[in-house]
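Asks: You'll find run_33.csv just under this line, and it carries CSV, C-alpha atoms.
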```csv
chain,number,residue,atom,x,y,z
C,1,MET,CA,2.5,29.5,-21.0
C,2,THR,CA,-0.1,30.2,-23.7
C,3,ASP,CA,-1.0,26.8,-24.9
C,4,ALA,CA,-3.8,25.3,-22.8
C,5,GLU,CA,-2.3,21.9,-23.2
C,6,GLU,CA,0.8,23.0,-21.4
C,7,ILE,CA,-1.1,24.1,-18.3
C,8,THR,CA,-0.6,21.5,-15.6
C,9,THR,CA,-0.5,21.4,-11.9
C,10,GLN,CA,3.0,19.9,-12.1
C,11,ARG,CA,4.7,22.6,-14.2
C,12,SER,CA,2.5,25.7,-14.1
C,13,THR,CA,2.5,28.4,-11.4
C,14,VAL,CA,-0.7,29.0,-9.5
C,15,ALA,CA,-1.2,32.2,-11.5
C,16,GLU,CA,-0.7,30.3,-14.8
C,17,TRP,CA,-2.9,27.4,-13.8
C,18,THR,CA,-5.8,29.6,-12.6
C,19,GLN,CA,-5.5,31.6,-15.8
C,20,GLY,CA,-5.9,28.4,-17.8
C,21,LEU,CA,-8.8,27.4,-15.6
C,22,SER,CA,-10.5,30.8,-16.4
C,23,GLN,CA,-10.5,30.1,-20.2
C,24,SER,CA,-13.5,28.6,-22.0
C,25,THR,CA,-11.7,25.5,-22.9
C,26,GLY,CA,-12.8,23.1,-20.2
C,27,SER,CA,-9.3,21.7,-19.9
C,28,PRO,CA,-8.6,22.3,-17.1
C,29,GLY,CA,-12.1,22.5,-15.9
C,30,GLY,CA,-14.2,21.9,-12.8
C,31,GLY,CA,-13.0,18.3,-12.3
C,32,ALA,CA,-9.4,19.5,-12.3
C,33,GLY,CA,-10.5,22.2,-9.9
C,34,ALA,CA,-11.8,19.4,-7.6
C,35,GLY,CA,-8.3,17.8,-7.8
C,36,ALA,CA,-6.7,21.0,-6.8
C,37,MET,CA,-9.0,21.4,-3.9
C,38,LEU,CA,-8.1,17.9,-2.8
C,39,ALA,CA,-4.4,18.9,-2.9
C,40,ILE,CA,-5.2,21.9,-0.8
C,41,ALA,CA,-7.0,19.7,1.8
C,42,ALA,CA,-4.1,17.3,1.8
C,43,SER,CA,-1.6,20.2,2.2
C,44,LEU,CA,-3.5,21.7,5.2
C,45,THR,CA,-3.7,18.2,6.7
C,46,SER,CA,0.1,18.0,6.5
C,47,MET,CA,0.4,21.5,8.0
C,48,VAL,CA,-1.8,20.8,11.0
C,49,ALA,CA,-0.2,17.4,11.6
C,50,GLY,CA,3.2,19.0,11.5
C,51,TYR,CA,2.2,21.6,14.1
C,52,THR,CA,0.7,18.9,16.4
C,53,GLU,CA,2.8,17.4,19.2
C,54,ALA,CA,1.6,13.9,20.0
C,55,ASP,CA,2.3,11.8,23.0
C,56,PRO,CA,4.1,8.5,22.5
C,57,GLU,CA,0.8,6.6,22.1
C,58,ARG,CA,-0.3,8.8,19.2
C,59,ARG,CA,3.0,9.4,17.6
C,60,ASP,CA,2.7,6.6,15.1
C,61,ARG,CA,-0.8,7.7,14.0
C,62,LEU,CA,0.5,11.2,13.5
C,63,ALA,CA,3.4,10.0,11.4
C,64,ALA,CA,1.1,7.9,9.3
C,65,ILE,CA,-1.2,10.9,8.7
C,66,LEU,CA,1.7,13.0,7.6
C,67,ALA,CA,2.8,10.3,5.2
C,68,ARG,CA,-0.7,9.8,3.7
C,69,ALA,CA,-1.3,13.5,3.3
C,70,GLY,CA,2.0,14.0,1.5
C,71,ASP,CA,1.2,11.2,-0.9
C,72,LEU,CA,-2.3,12.4,-1.4
C,73,ARG,CA,-1.1,15.9,-2.3
C,74,GLN,CA,1.0,14.5,-5.1
C,75,THR,CA,-1.8,12.1,-6.2
C,76,ALA,CA,-4.4,14.9,-6.2
C,77,LEU,CA,-2.3,17.1,-8.5
C,78,GLN,CA,-1.9,14.2,-10.9
C,79,LEU,CA,-5.6,13.5,-10.8
C,80,ALA,CA,-6.3,17.1,-11.6
C,81,ASP,CA,-4.2,16.8,-14.7
C,82,ASP,CA,-5.8,13.5,-15.6
C,83,ASP,CA,-9.2,15.1,-15.4
C,84,ALA,CA,-8.0,18.0,-17.7
C,85,THR,CA,-6.9,15.3,-20.2
C,86,ALA,CA,-10.3,13.6,-20.0
C,87,SER,CA,-12.1,16.9,-20.4
C,88,HIS,CA,-10.1,17.6,-23.5
C,89,ALA,CA,-11.2,14.2,-25.0
C,90,PHE,CA,-14.8,14.9,-24.0
C,91,GLY,CA,-14.8,18.2,-25.8
C,92,ALA,CA,-13.2,16.7,-28.9
C,93,ALA,CA,-15.9,14.0,-29.0
C,94,PHE,CA,-18.7,16.5,-29.1
C,95,LYS,CA,-17.0,18.3,-32.0
C,96,LEU,CA,-17.3,15.3,-34.3
C,97,GLU,CA,-19.9,15.2,-37.0
C,98,ARG,CA,-23.2,13.6,-35.9
C,99,GLY,CA,-23.3,9.8,-36.4
C,100,PRO,CA,-22.2,6.5,-34.9
C,101,LYS,CA,-18.6,7.5,-34.7
C,102,ARG,CA,-19.5,10.6,-32.6
C,103,GLU,CA,-21.8,8.7,-30.3
C,104,LYS,CA,-19.2,6.0,-29.7
C,105,ALA,CA,-16.6,8.7,-28.9
C,106,ILE,CA,-18.9,10.5,-26.5
C,107,ARG,CA,-19.7,7.3,-24.7
C,108,GLU,CA,-16.1,6.4,-24.3
C,109,ALA,CA,-15.2,9.9,-23.2
C,110,ALA,CA,-18.1,10.0,-20.7
C,111,ILE,CA,-17.1,6.7,-19.1
C,112,GLY,CA,-13.4,7.8,-19.0
C,113,ALA,CA,-14.3,11.1,-17.4
C,114,ALA,CA,-16.6,9.5,-14.9
C,115,GLN,CA,-13.9,7.0,-13.9
C,116,THR,CA,-11.4,9.8,-13.4
C,117,SER,CA,-13.9,11.7,-11.2
C,118,ALA,CA,-14.8,8.6,-9.2
C,119,GLU,CA,-11.1,7.9,-8.5
C,120,LEU,CA,-10.6,11.4,-7.3
C,121,GLY,CA,-13.6,11.1,-5.1
C,122,GLU,CA,-12.5,7.8,-3.6
C,123,TYR,CA,-9.1,9.4,-2.7
C,124,ALA,CA,-11.0,12.4,-1.1
C,125,VAL,CA,-13.2,10.1,1.0
C,126,SER,CA,-10.1,8.3,2.3
C,127,ALA,CA,-8.9,11.6,3.7
C,128,ILE,CA,-11.9,12.2,5.9
C,129,ASP,CA,-10.8,10.0,8.8
C,130,ASP,CA,-7.3,11.6,9.2
C,131,LEU,CA,-8.8,15.1,9.1
C,132,SER,CA,-11.4,14.1,11.6
C,133,TRP,CA,-8.7,12.7,13.9
C,134,LEU,CA,-6.8,16.1,13.7
C,135,ALA,CA,-10.1,17.9,14.5
C,136,GLU,CA,-10.1,16.1,17.8
C,137,HIS,CA,-6.4,15.7,18.6
C,138,GLY,CA,-4.6,18.3,16.5
C,139,LYS,CA,-3.1,21.5,17.8
C,140,ARG,CA,-5.9,23.8,19.0
C,141,ALA,CA,-4.2,26.9,17.6
C,142,VAL,CA,-4.7,25.7,14.1
C,143,ILE,CA,-8.2,24.3,14.4
C,144,ALA,CA,-9.4,27.0,11.9
C,145,ASP,CA,-7.1,25.4,9.3
C,146,VAL,CA,-8.8,22.1,9.9
C,147,VAL,CA,-12.1,23.7,9.0
C,148,VAL,CA,-10.6,25.2,5.8
C,149,ALA,CA,-9.2,21.8,5.0
C,150,PHE,CA,-12.7,20.3,5.4
C,151,GLY,CA,-14.1,23.0,3.1
C,152,ALA,CA,-11.5,22.1,0.4
C,153,LEU,CA,-12.2,18.4,0.9
C,154,ARG,CA,-15.9,19.0,0.6
C,155,ALA,CA,-15.4,20.9,-2.6
C,156,ALA,CA,-13.3,18.0,-3.9
C,157,VAL,CA,-15.9,15.4,-3.0
C,158,ALA,CA,-18.9,17.4,-4.3
C,159,GLY,CA,-17.0,18.2,-7.5
C,160,ALA,CA,-16.1,14.5,-8.1
C,161,ARG,CA,-19.7,13.4,-7.3
C,162,THR,CA,-21.3,16.0,-9.6
C,163,ASN,CA,-19.0,15.4,-12.5
C,164,ALA,CA,-19.3,11.6,-12.3
C,165,SER,CA,-23.0,11.8,-12.1
C,166,PHE,CA,-23.3,14.2,-15.1
C,167,ASP,CA,-20.8,12.1,-17.1
C,168,LEU,CA,-23.0,9.0,-16.5
C,169,ALA,CA,-26.1,11.0,-17.5
C,170,THR,CA,-24.4,11.9,-20.7
C,171,LEU,CA,-24.8,8.3,-21.8
C,172,LYS,CA,-28.5,8.9,-22.2
C,173,SER,CA,-27.7,10.9,-25.3
C,174,SER,CA,-26.7,7.6,-26.9
C,175,GLY,CA,-30.1,6.0,-26.1
C,176,SER,CA,-29.4,4.4,-22.7
C,177,THR,CA,-31.9,4.8,-19.9
C,178,LEU,CA,-30.8,5.5,-16.4
C,179,GLU,CA,-31.7,1.9,-15.4
C,180,GLU,CA,-29.4,0.6,-18.2
C,181,ILE,CA,-26.6,2.9,-17.2
C,182,GLN,CA,-26.9,1.7,-13.6
C,183,ASP,CA,-26.8,-2.0,-14.7
C,184,GLN,CA,-23.9,-1.4,-17.1
C,185,HIS,CA,-21.7,0.7,-14.7
C,186,PRO,CA,-22.7,-0.5,-11.2
C,187,ASP,CA,-19.3,0.5,-9.6
C,188,LEU,CA,-19.5,4.1,-10.9
C,189,TRP,CA,-23.1,4.3,-9.9
C,190,ALA,CA,-22.2,3.1,-6.4
C,191,THR,CA,-19.4,5.6,-6.1
C,192,VAL,CA,-21.8,8.5,-6.7
C,193,GLU,CA,-23.9,7.3,-3.8
C,194,THR,CA,-20.8,6.9,-1.6
C,195,LEU,CA,-19.7,10.5,-2.4
C,196,THR,CA,-23.2,11.7,-1.5
C,197,ALA,CA,-22.9,10.1,1.9
C,198,ALA,CA,-19.3,11.5,2.3
C,199,ILE,CA,-20.6,15.1,1.9
C,200,SER,CA,-22.9,14.5,4.9
C,201,ARG,CA,-19.9,13.1,6.9
C,202,ILE,CA,-17.8,16.2,6.2
C,203,ASP,CA,-20.7,18.5,7.1
C,204,ALA,CA,-21.1,16.8,10.4
C,205,CYS,CA,-17.4,17.0,11.1
C,206,THR,CA,-17.3,20.7,10.3
C,207,ALA,CA,-20.4,21.3,12.5
C,208,SER,CA,-18.8,19.6,15.4
C,209,ILE,CA,-16.0,22.2,15.4
C,210,ASP,CA,-18.2,25.3,15.1
C,211,ASP,CA,-19.0,25.5,18.8
C,212,ARG,CA,-15.3,26.2,19.5
C,213,ALA,CA,-15.5,29.4,17.5
C,214,ALA,CA,-16.6,32.9,18.7
C,215,PRO,CA,-20.4,33.5,18.5
C,216,THR,CA,-21.5,34.6,15.1
C,217,HIS,CA,-25.0,35.7,16.1
C,218,ALA,CA,-26.4,37.8,18.9
C,219,GLU,CA,-27.7,36.0,21.9
C,220,GLY,CA,-31.5,36.3,22.2
```
What would the structure in this file look like if it were written as structure tokens?

Replies:
Amino acid sequence: MTDAEEITTQRSTVAEWTQGLSQSTGSPGGGAGAGAMLAIAASLTSMVAGYTEADPERRDRLAAILARAGDLRQTALQLADDDATASHAFGAAFKLERGPKREKAIREAAIGAAQTSAELGEYAVSAIDDLSWLAEHGKRAVIADVVVAFGALRAAVAGARTNASFDLATLKSSGSTLEEIQDQHPDLWATVETLTAAISRIDACTASIDDRAAPTHAEG
């Protein structure tokens, strides 16, 4: 595949997709990368859940985690492609000649991109509880994979948060103040705050696992 528009998480190989990501087109870009990281987190969640043998009292919970993780993997890949499409529209808006038409196109593209990032972030936040449960109840032999999954999930949340935040800030170029942006798009603004809090949750979960690892520093 040579046409950047043909690069998708659904049809491209990993080699093709990352090659597309490496190009200076922005489609796919960082937001699509966040979607791919969410898919990796979901895949590792499925893997750990699959390895885990649950007692009868926890069997239903484990089955539900497997189902949610499977659905999330597919959703995340689609969101990655949706972000690539939004990024393409964003780039096209900035290439227009300066004037009201360009400003309108940039505003619409910025809001669309922010909404895509916010949706991805909300899906990522929804995965924290299941991964936290596996950190406590999952098979001990694959606890390192839980940490890797948390790392991928953190990247997805941080990417979604940063992209949504910067997309909203782009609206300042059309004359809006931050106060006006917050008033006009309260849901998107609140999502950015939710994602900020989610990063702290993920960091706390990862830190709680660290004491099970081998020492990484010399004892004093």

Asks: Using all atoms listed in the file, which of C:Ile65, C:Ala80, C:Ala204, C:Ala41 sits nearest Leu134 (chain C)?

Replies: C:Ile65

Asks: Neighbours of region 21-27 of chain C within 6 Å (all atoms listed in the file; same-chain residues fewer than 5 positions away dropped), as number ranges by chain?

Replies: C: 84, 87-88

Asks: With C-alpha atoms retained, export the selected residues as a PDB file, in the coordinates of the input.

Replies:
```pdb
ATOM      1  CA  ALA C  84      -8.000  18.000 -17.700  1.00  0.00           C
ATOM      2  CA  SER C  87     -12.100  16.900 -20.400  1.00  0.00           C
ATOM      3  CA  HIS C  88     -10.100  17.600 -23.500  1.00  0.00           C
TER       4      HIS C  88
END
```

Asks: Under the rule that all atoms listed in the file are counted, which of C:His137, C:Gln10, C:Thr162, C:Glu119 is the nearest residue to Leu62 (chain C)?

Replies: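 Smallest separation from Leu62 (chain C) among the options: C:His137.
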
Asks: Residues at most 10 Å from Tyr123 (chain C), counting only C-alpha atoms, excluding those fewer than 6 positions away in the same chain, as a VMD selection string?

Replies: chain C and resid 35 38 72 75 to 76 79 156 to 157

Asks: Please provide the set of residues having any atom within 10 Å of Ala36 (chain C), restricted to only C-alpha atoms, with same-chain residues fewer than 4 positions apart removed, written as a list in words.

Replies: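 Using only C-alpha atoms, the neighbours found are Thr9, Gly30, Gly31, Ala32, Ile40, Ala41, Ala42, Arg73, Ala76, Leu77, Gln78, Leu79, Ala80, Asp81, Ala152, Leu153, Ala155 and Ala156 of chain C.
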
Asks: Can you work out the spacing between CA of Phe166 (chain C) and CA of Gln115 (chain C) in Å, to one decimal?

Replies: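 Taking CA of Phe166 (chain C) and CA of Gln115 (chain C), their separation equals 11.9 Å.
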
Asks: For Ser43 (chain C), which of C:Ser12, C:Ser126, C:Gln74, C:Thr191 is the closest residue, counting only C-alpha atoms?

Replies: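 Of C:Ser12, C:Ser126, C:Gln74, C:Thr191, the one nearest Ser43 (chain C), counting only C-alpha atoms, is C:Gln74.
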
Asks: Is there a way to get, as a PyMOL selection string, all residues within 12 Å of the point (-20.6, 7.9, -3.6) in file coordinates, counting all atoms listed in the file?

Replies: chain C and resi 117-125+157-165+186-201
